[in-house]
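Report on the structure given below.
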Amino acid sequence: MPSPYRAIFSAPGSREFSAAGFFGRMPLSMMGIGVVTMISQLTGGYGLAGALSATLAMSAAVCGPQVSRLVDRYGQRRVLRPVTLVAVAAVAGLLICAQQGAPEWTLFVFSVGAGCVPSVGSMVRSRWAEIYRGSSRDLHTAYAWESIVDGVCFIFGPIISIGLSTAWFPEAGPLIAAGFLLVGVFWLTAQRATEPVPHPKSQQTGGSALRSRGLQVLVATFVATGAIFGGVDVVTVAFAEERGHKAAASLVLAVYALGSCLAGAVFGLLHVKGDPGTRWLVGVCAMAVSMIPLLLAGNLPLLAVALFVAGLAIAPTMVTTMALVEAHVPRTKLTEGMTWTSTGLAVGVALGSSAAGWVVDAAGAKAGYAVPVVAGALAAAVAVLGYRRLAGPAATGGRGEDDRHLRTDDDERVA
């Protein structure tokens with residue numbers, strides 16, 4: 001492991017909570033694509049599959065920030081365990097209804113419950129932020145490491161999910177995803193020493209973290225970015241099936257994640273300088289441009305190459321996003337703030353996967369790649385229009401308002 005990564009893992013407990021976070025995040029790359037594969041296997045179509053995947057993502061978008069707000073207030077262990085049990089029970093109901101051919105409305109009901117999955121990535125990143133607060137270099141490396149973990153999840157997650165659902169039985173992918181979630185969350189929350197100290201309601205001011213104008217720009221842009229990811233996932237499965245190699249979709253999507261993973265590893269070794277807002281804008285625009293070659297790919301090898309190149313822009317942009325969230329959101333709402341970016345992605349995934357499913361059914365898989373192309377253009381437009389809110393320091397000095405409030409409370413207690 002290169003020295004900057006070795007250095008961050010010198011903190012006690014860091015290896016353990018990062019490993020637990022890996023397992024807890026696997027469902028992020030497995031559940032949606034697993035449901036798409038399962039339903040397409042059982043019904044032969046992608047319209048319902050895309051709609052259910054969108055329902056999962058929308059449910060996560062609605063519930064995720066609320067769960068994280070409770071985590072900031074009461075702590076990870078008290079909140080995450082019961083929420084995870086609810087989500088796993090809902091996944092079980094979804095799989096049973098799908099296997100038994102229950103009415104479609106039951107699938108949507110259980111998809112809503114299955115989407116109540118906590119943002120494990122935000123929980124892990126908030127632990128890093130607690131350990132390395134005040135050390136921007138170490139925090140940059142830690143966020144880069146977590147982007148690598150995200151990339152590894154997206155390399156192996158689709159392979160496991162699609163592979164099991166096509167080679168074993170249709171419900172296998174979502175079933176294993178639920179198992180990963182259960183193991184990851186309970187392992188993570190068993191580690192109390194590195195759990196961030198909760199901030200009771202009396203210490204929090206200003207309402208939701210989303211009141212930050214900088215965070216609003218990040219979330220809005222990530223809605224369009226999520227549509228890129230959701231569209232690519234659904235269309236790639238359909239593209240591979242049209243060419244008689246549906247199982248190969250997992251390998252192609254893994255190449256997409258591999259590009260992101262490698263770029264994140266290199267980015268974490270760099271001592272970046274300059275305005276992070278500018279780096280973020282360049283990254284978003286690069287992701288948008290990289291979608292155009294997908295329309296020209298006529299076979300799976302060319303598609304894999306195009307997706308690998310497209311993946312190179314993802315991790316550096318995500319790392320910079322976390323740094324911007326940390327700068328623009330009060331410390332007492334950091335987990336919620338990080339989750340809002342995941343929420344933006346989830347909403348976008350819902351919209352992108354749903355739109356892609358309908359386009360594929362109506363016009364074929366190759367036409368479906370117009371969805372991520374349009375989504376990329378929207379992401380770049382929103383990023384350009386909102387860039388001024390992110391350029392330079394936050395209006396409150398990052399976490400200024402809440403930190404001043406907490407210092408005042410501490411001064412009063414000392415007095």
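Chain labels A, B, ... are given in the sequence in which chains occur in the structure tokens; within each chain residues are numbered consecutively from 1, and ligands are likewise numbered from 1 in the order shown.
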
A:Gly214 surroundings by only C-alpha atoms, 8 Å radius, close-in-sequence under 6 positions cut, as a VMD selection string: chain A and resid 325 328 389 to 390 394

DSSP alpha helix (DSSP H) residues within stretch 34-244 of chain A, listed as number ranges by chain: A: 34-43, 47-74, 76-100, 104-114, 120-131, 136-167, 172-189, 213-242

Could I get the residues of stretch 33-80 of chain A with an atom no further than 12 Å from an atom of stretch 250-259 of chain A, each paired with its nearest atom pair and that distance in Å to one decimal, using only C-alpha atoms, sorted by chain and residue number, as JSON lines?
{"residue": "A:Ile33", "atom": "CA", "partner": "A:Ser250", "partner_atom": "CA", "distance": 9.4}
{"residue": "A:Gly34", "atom": "CA", "partner": "A:Ser250", "partner_atom": "CA", "distance": 10.5}
{"residue": "A:Thr37", "atom": "CA", "partner": "A:Ser250", "partner_atom": "CA", "distance": 10.5}

Interatomic distance (Å, one decimal) between atom CA of A:Gly231 and atom CA of A:Ala356: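 Between atom CA of A:Gly231 and atom CA of A:Ala356 the gap works out to 5.2 Å.
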
Atomic distance atom CA of A:Pro27 - atom CA of A:Ala177, expressed in Å with one decimal: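 The value is 4.7 Å.
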
For A:Thr278, the nearest of the candidates A:Gln66, A:Thr320, A:Gly352, A:Val36, counting only C-alpha atoms: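 Answer, going by the shortest atom-to-atom distance: A:Thr320.
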
Residue with smallest distance to A:Ala19 - pool A:Ala363, A:Leu307, A:Ala265, A:Val152, counting only C-alpha atoms: A:Val152

For atom CA of A:Asp72 and atom CA of A:Tyr132, the interatomic separation in Å (one decimal):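 We find that atom CA of A:Asp72 and atom CA of A:Tyr132 lie 17.7 Å from each other.
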
Close residues, stretch 40-51 of chain A itself excluded, 9 Å, only C-alpha atoms, min 4 positions apart in chain, as a PyMOL selection string: chain A and resi 32+35-36+55-56+98-99+101+104+108+165-166+170+234+238+350-361

Proximity to A:Glu130 - best of A:Ala288, A:Val309, A:Leu334, A:Ile176, only C-alpha atoms: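 Going through A:Ala288, A:Val309, A:Leu334, A:Ile176 one by one, the smallest distance to A:Glu130 is for A:Leu334.
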
Among listed residues A:Cys63, A:Val120, A:Ala129, A:Met38, nearest A:Cys97 (using only C-alpha atoms):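 That would be A:Met38, the residue with the smallest distance to A:Cys97.
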
Shell of 10 Å around A:Arg192, only C-alpha atoms, local chain residues under 3 positions omitted, as a VMD selection string: chain A and resid 13 17 75 to 77 188 to 189 195 to 197

Exercise: A:Gly184 partners within 9 Å, only C-alpha atoms, chain neighbours under 2 positions left out, as JSON, numbers by chain: {"A": [19, 20, 21, 22, 23, 24, 25, 26, 120, 179, 180, 181, 182, 186, 187, 188, 189]}

A:Arg137 environment, 10 Å, only C-alpha atoms, sequence neighbours closer than 3 positions dropped, as a count of residues only: 12
